[in-house]
file protein_32.txt (compact mmCIF, C-alpha atoms)
# COMPACT_ATOMS: atom_id res chain seq x y z
CA MET A 392 -8.38 -6.30 19.79
CA THR A 393 -6.17 -9.29 19.07
CA ASN A 394 -8.50 -10.49 16.33
CA THR A 395 -8.39 -7.14 14.67
CA ALA A 396 -4.62 -7.15 14.76
CA THR A 397 -4.38 -10.45 12.91
CA GLU A 398 -6.75 -9.37 10.15
CA THR A 399 -5.40 -5.94 9.46
CA LEU A 400 -2.06 -4.28 8.99
CA SER A 401 -1.24 -0.91 10.34
CA VAL A 402 1.44 1.70 10.15
CA VAL A 403 1.90 4.02 13.12
CA VAL A 404 4.08 7.12 13.11
CA GLU A 405 4.23 9.21 16.29
CA ARG A 406 6.15 12.33 17.11
CA GLU A 407 6.43 15.00 19.79
CA VAL A 408 5.92 18.31 18.02
CA ALA A 409 6.84 21.63 19.65
CA PHE A 410 3.65 23.38 18.56
CA PRO A 411 0.12 23.52 20.00
CA PRO A 412 -2.63 21.26 18.57
CA GLU A 413 -4.48 24.26 17.09
CA LYS A 414 -1.57 25.09 14.82
CA ILE A 415 -1.00 21.50 13.75
CA TRP A 416 -4.72 21.18 13.08
CA ARG A 417 -4.49 24.01 10.55
CA ALA A 418 -1.64 22.25 8.75
CA LEU A 419 -3.68 19.02 8.69
CA THR A 420 -6.92 20.55 7.43
CA GLN A 421 -6.24 23.60 5.22
CA PRO A 422 -5.71 22.51 1.58
CA HIS A 423 -2.95 25.02 0.76
CA LEU A 424 -1.06 23.98 3.91
CA ILE A 425 -1.64 20.24 3.37
CA GLU A 426 -0.16 20.65 -0.09
CA GLU A 427 3.06 21.98 1.39
CA TRP A 428 3.87 18.89 3.41
CA LEU A 429 1.78 16.09 1.89
CA MET A 430 0.22 16.44 -1.57
CA LYS A 431 -2.06 18.57 -3.72
CA ASN A 432 -5.65 18.05 -2.57
CA ASP A 433 -9.24 19.23 -2.42
CA PHE A 434 -9.72 18.37 1.24
CA LYS A 435 -12.51 19.85 3.37
CA PRO A 436 -12.89 19.10 7.10
CA VAL A 437 -16.43 17.84 6.56
CA VAL A 438 -17.58 14.29 7.34
CA ASP A 439 -18.38 12.28 4.16
CA HIS A 440 -16.54 14.77 1.92
CA ARG A 441 -14.79 12.92 -0.92
CA PHE A 442 -11.43 14.23 -2.04
CA ASN A 443 -8.15 13.27 -3.70
CA PHE A 444 -4.49 13.61 -2.96
CA ARG A 445 -2.56 14.05 -6.19
CA ALA A 446 1.11 13.53 -6.89
CA ASP A 447 3.36 12.80 -9.86
CA TRP A 448 3.07 9.08 -9.17
CA GLY A 449 -0.73 9.01 -9.06
CA ALA A 450 -3.71 9.85 -6.93
CA VAL A 451 -5.16 8.72 -3.61
CA ASP A 452 -8.94 8.55 -3.28
CA CYS A 453 -10.22 9.59 0.11
CA GLN A 454 -13.36 10.28 2.11
CA VAL A 455 -13.55 12.07 5.43
CA LEU A 456 -14.73 9.79 8.26
CA ALA A 457 -14.30 11.85 11.42
CA VAL A 458 -13.50 15.43 12.32
CA GLU A 459 -13.00 16.59 15.89
CA PRO A 460 -11.23 19.94 15.70
CA ASN A 461 -7.75 20.01 17.27
CA LYS A 462 -8.12 16.38 18.39
CA THR A 463 -8.91 13.80 15.71
CA LEU A 464 -9.06 13.60 11.95
CA SER A 465 -9.77 10.43 10.04
CA TYR A 466 -10.16 9.66 6.35
CA THR A 467 -10.14 6.66 4.04
CA TRP A 468 -7.07 6.26 1.84
CA ALA A 469 -7.35 4.14 -1.30
CA ALA A 470 -4.31 3.78 -3.53
CA TYR A 471 -2.46 0.99 -5.32
CA GLY A 472 -5.50 -1.24 -4.87
CA LEU A 473 -5.21 -1.04 -1.10
CA GLU A 474 -7.97 0.41 1.01
CA SER A 475 -7.01 1.83 4.36
CA VAL A 476 -7.94 4.44 6.95
CA VAL A 477 -5.64 7.23 8.05
CA THR A 478 -6.31 8.59 11.53
CA TRP A 479 -4.57 11.59 13.05
CA THR A 480 -4.66 12.07 16.81
CA LEU A 481 -3.44 15.24 18.51
CA THR A 482 -2.80 15.17 22.26
CA PRO A 483 -1.62 18.32 24.01
CA THR A 484 1.55 17.98 26.12
CA SER A 485 3.45 20.39 28.37
CA THR A 486 5.79 21.22 25.49
CA GLY A 487 3.42 21.06 22.53
CA THR A 488 1.61 18.14 20.98
CA HIS A 489 1.92 14.40 20.72
CA LEU A 490 1.03 13.79 17.08
CA ARG A 491 0.05 10.26 16.05
CA MET A 492 -0.78 8.95 12.58
CA GLU A 493 -2.16 5.46 12.14
CA GLN A 494 -2.89 3.94 8.76
CA SER A 495 -4.78 0.69 9.08
CA GLY A 496 -7.56 -1.58 7.97
CA PHE A 497 -6.51 -3.52 4.91
CA ARG A 498 -8.86 -6.27 3.86
CA PRO A 499 -7.72 -9.78 4.81
CA ASP A 500 -7.51 -10.92 1.17
CA GLN A 501 -5.13 -8.08 0.44
CA GLN A 502 -3.00 -8.98 3.40
CA GLN A 503 -2.93 -12.53 2.07
CA ALA A 504 -1.92 -11.20 -1.30
CA PHE A 505 1.30 -9.80 -0.07
CA GLN A 506 2.00 -12.24 2.73
CA GLY A 507 1.04 -15.34 0.79
CA ALA A 508 4.24 -15.74 -1.13
CA LYS A 509 7.26 -15.27 1.10
CA PHE A 510 9.95 -17.08 -0.95
CA GLY A 511 12.31 -14.96 -2.92
CA TRP A 512 10.78 -11.67 -1.88
CA GLN A 513 13.59 -10.76 0.45
CA LYS A 514 15.96 -9.74 -2.31
CA PHE A 515 13.45 -7.23 -3.58
CA PHE A 516 13.34 -5.36 -0.29
CA GLY A 517 16.68 -3.74 -1.00
CA ASN A 518 15.73 -2.77 -4.55
CA LEU A 519 12.50 -1.23 -3.43
CA GLU A 520 14.15 0.75 -0.67
CA GLN A 521 16.64 2.15 -3.16
CA ILE A 522 13.84 3.18 -5.49
CA LEU A 523 11.94 4.82 -2.64
CA ALA A 524 15.05 6.64 -1.47
CA ARG A 525 15.38 8.14 -4.93
CA ILE A 526 11.74 9.25 -5.03
CA ASP A 527 12.23 11.65 -2.16
CA MET B 526 -6.41 2.35 -17.33
CA PRO B 527 -6.49 -0.01 -14.34
CA ASP B 528 -4.05 0.54 -11.53
CA PRO B 529 -1.13 -1.91 -12.05
CA HIS B 530 -0.78 -2.41 -8.30
CA ALA B 531 -4.45 -3.35 -8.02
CA ILE B 532 -3.96 -5.94 -10.76
CA LEU B 533 -1.07 -7.49 -8.82
CA PHE B 534 -3.10 -7.68 -5.63
CA ARG B 535 -6.07 -9.18 -7.39
CA SER B 536 -3.92 -11.70 -9.23
CA LEU B 537 -2.34 -13.02 -6.05
CA ALA B 538 -5.45 -12.89 -3.88
CA ASP B 539 -6.78 -16.16 -5.37
CA PRO B 540 -5.28 -19.09 -3.43
CA THR B 541 -5.13 -21.50 -6.39
CA ARG B 542 -3.46 -18.91 -8.57
CA ARG B 543 -1.06 -17.98 -5.82
CA ALA B 544 -0.16 -21.66 -5.35
CA ILE B 545 0.65 -21.97 -9.05
CA PHE B 546 2.78 -18.85 -8.90
CA GLU B 547 4.57 -20.02 -5.76
CA ARG B 548 5.39 -23.34 -7.41
CA LEU B 549 6.91 -21.56 -10.39
CA CYS B 550 8.95 -19.42 -8.01
CA ARG B 551 10.22 -22.41 -6.02
CA GLU B 552 10.75 -24.92 -8.78
CA GLY B 553 11.46 -22.85 -11.87
CA GLU B 554 10.01 -23.14 -15.34
CA GLN B 555 7.21 -25.70 -15.88
CA THR B 556 4.72 -26.79 -18.51
CA VAL B 557 0.96 -26.37 -18.14
CA GLY B 558 0.71 -30.16 -17.95
CA ALA B 559 3.16 -30.43 -15.06
CA LEU B 560 1.40 -27.64 -13.20
CA THR B 561 -2.02 -29.24 -13.75
CA ALA B 562 -0.85 -32.57 -12.36
CA ARG B 563 -0.45 -30.97 -8.93
CA ALA B 564 -2.84 -28.04 -9.00
CA GLY B 565 -6.01 -29.95 -8.06
CA VAL B 566 -7.96 -28.21 -10.85
CA SER B 567 -8.47 -28.90 -14.56
CA GLN B 568 -5.99 -27.93 -17.27
CA PRO B 569 -8.31 -25.22 -18.70
CA ALA B 570 -8.57 -23.75 -15.19
CA VAL B 571 -4.78 -23.78 -14.80
CA SER B 572 -4.42 -22.14 -18.23
CA LYS B 573 -6.89 -19.46 -17.21
CA HIS B 574 -4.97 -18.76 -13.98
CA LEU B 575 -1.72 -18.58 -15.96
CA GLY B 576 -3.37 -16.09 -18.31
CA VAL B 577 -4.25 -13.83 -15.39
CA LEU B 578 -0.72 -14.14 -13.97
CA LYS B 579 0.72 -13.33 -17.38
CA GLN B 580 -1.45 -10.24 -17.71
CA ALA B 581 -0.16 -9.05 -14.34
CA GLY B 582 3.41 -9.58 -15.56
CA LEU B 583 3.97 -12.26 -12.93
CA VAL B 584 4.76 -15.08 -15.37
CA ARG B 585 6.25 -15.35 -18.83
CA ASP B 586 5.46 -18.07 -21.37
CA ARG B 587 7.81 -19.76 -23.82
CA HIS B 588 6.63 -22.04 -26.62
CA GLU B 589 8.66 -25.13 -27.44
CA GLY B 590 7.12 -27.57 -29.87
CA ARG B 591 3.60 -28.29 -28.69
CA GLN B 592 4.42 -27.37 -25.12
CA THR B 593 4.14 -24.00 -23.42
CA HIS B 594 6.57 -23.44 -20.56
CA TYR B 595 5.82 -20.90 -17.87
CA SER B 596 8.30 -19.15 -15.57
CA ALA B 597 7.85 -16.70 -12.68
CA GLN B 598 8.84 -13.07 -13.05
CA LEU B 599 9.88 -12.10 -9.52
CA GLY B 600 10.55 -8.50 -10.51
CA ALA B 601 6.80 -7.96 -10.91
CA LEU B 602 6.41 -8.41 -7.14
CA ALA B 603 8.48 -5.39 -6.21
CA PRO B 604 5.51 -3.05 -5.64
CA LEU B 605 4.01 -5.43 -3.09
CA VAL B 606 7.10 -6.00 -1.02
CA ASP B 607 6.98 -4.83 2.52
CA TRP B 608 4.18 -2.39 1.99
CA THR B 609 4.07 -1.33 5.62
CA SER B 610 7.70 -0.30 5.87
CA GLN B 611 7.29 1.53 2.59
CA MET B 612 4.33 3.47 4.00
CA ALA B 613 6.09 4.07 7.31
CA GLY B 614 8.98 5.64 5.40
CA PHE B 615 6.54 7.72 3.41
CA TRP B 616 4.84 9.07 6.55
CA GLN B 617 8.14 9.68 8.38
CA SER B 618 9.27 11.94 5.57
CA ARG B 619 5.86 13.66 5.52
CA PHE B 620 6.18 14.31 9.26
CA ASP B 621 9.52 15.99 8.54
CA HIS B 622 7.88 18.20 5.94
CA LEU B 623 5.02 18.94 8.32
CA GLU B 624 7.42 20.05 11.05
CA ASP B 625 9.26 22.27 8.57
CA LEU B 626 5.96 23.84 7.59
CA LEU B 627 4.93 24.40 11.21
CA LYS B 628 8.18 26.28 11.81
CA ARG B 629 7.42 28.54 8.83
CA MET B 630 3.76 29.14 9.70
CA ASP B 631 2.84 32.24 11.67
CA GLN B 632 1.26 31.69 15.06

call {"tool": "encode", "arguments": {"input": "protein_32.txt", "output": "structure tokens"}}
result
Amino acid sequence: MTNTATETLSVVVEREVAFPPEKIWRALTQPHLIEEWLMKNDFKPVVDHRFNFRADWGAVDCQVLAVEPNKTLSYTWAAYGLESVVTWTLTPTSTGTHLRMEQSGFRPDQQQAFQGAKFGWQKFFGNLEQILARID
Amino acid sequence: MPDPHAILFRSLADPTRRAIFERLCREGEQTVGALTARAGVSQPAVSKHLGVLKQAGLVRDRHEGRQTHYSAQLGALAPLVDWTSQMAGFWQSRFDHLEDLLKRMDQ
């Protein structure tokens, strides 16, 4: 696992949600519901199905990799020249669901691309965060 | 039209090209000749790399006499900076929206 960690980047967001997995699953897999919290889409919970997320700033090209109702959902996520995999994991708890999203699997050359030049980048962090804050 | 972010990633993925860009960032404006002297590749190769960097908006050229001077454009890097924290912020806000939706949805 250590090797994998050095060659890929990942983003993990986890949250305890006060609703059962079945309800969250609907929000993750029904296009009109997905649109309400994520983006416009033509998603279908079918392995190999190709779909897009669309927003004002562009589109994300995706393909469904895994579907295990109320438990796991995984799809590729290609945008901004970065290819990654988004995996949702739903684990029932006594009060609802532990919801976990992991986005991972960038190619090593892409990781190099944005880690290769470290000088001078720091000052752009602030700018970028301000821009992102305005977007939402 | 190609994705501008993809162009940035491709431009910086080549180690020789990245080294040229890094040198311009560290040491400021330089001529093709000065860059070639330390690049370990021929002048036409350096010129070609500079052309790719210029297309990506990462360098700017300035002609002075017979010399062309190149300088780094750090602003062009902004989309690449700290991609993971950018995405983490994106997903955190989506989780908020998702929870709002779940509260509105009927059982």

call {"tool": "residues_around", "arguments": {"input": "protein_32.txt", "residues": "Ser536 in chain B", "least_positions_apart": "5", "cutoff": "8 Å", "atoms": "all atoms listed in the file", "output": "ChimeraX atom specification"}}
result
/B:542-543,577-578,581

call {"tool": "closest_residue", "arguments": {"input": "protein_32.txt", "among": "B:Ala562, B:Ala613, B:Val571, B:Leu583", "to": "Ile532 in chain B", "atoms": "all atoms listed in the file"}}
result
B:Leu583

call {"tool": "atom_distance", "arguments": {"input": "protein_32.txt", "atom1": "CA of Thr593 in chain B", "atom2": "CA of Gly558 in chain B"}}
result
8.9 Å

call {"tool": "residues_around", "arguments": {"input": "protein_32.txt", "residues": "range 493-495 of chain A", "least_positions_apart": "5", "cutoff": "9 Å", "atoms": "all atoms listed in the file", "output": "list in words"}}
result
Thr399, Leu400, Ser401, Val402, Val403, Val404, Glu405, Trp468, Glu474, Ser475, Val476, Val477, Thr478, Trp479 and Thr480 of chain A; Met612 of chain B

call {"tool": "closest_residue", "arguments": {"input": "protein_32.txt", "among": "B:Leu623, B:Lys579, B:Gln555, B:Gly590", "to": "chain A", "atoms": "all atoms listed in the file"}}
result
B:Leu623

call {"tool": "atom_distance", "arguments": {"input": "protein_32.txt", "atom1": "CA of Ser572 in chain B", "atom2": "CA of Phe534 in chain B"}}
result
19.2 Å

call {"tool": "closest_residue", "arguments": {"input": "protein_32.txt", "among": "A:Val438, A:Ala450, A:Val458, A:Leu429", "to": "Trp416 in chain A", "atoms": "all atoms listed in the file"}}
result
A:Val458

call {"tool": "residues_around", "arguments": {"input": "protein_32.txt", "residues": "Thr561 in chain B", "least_positions_apart": "4", "cutoff": "10 Å", "atoms": "only C-alpha atoms", "output": "JSON, numbers by chain"}}
result
{"B": [545, 556, 557, 565, 566, 567, 568, 569, 570, 571, 572]}

call {"tool": "atom_distance", "arguments": {"input": "protein_32.txt", "atom1": "CA of Glu552 in chain B", "atom2": "CA of Arg585 in chain B"}}
result
14.6 Å
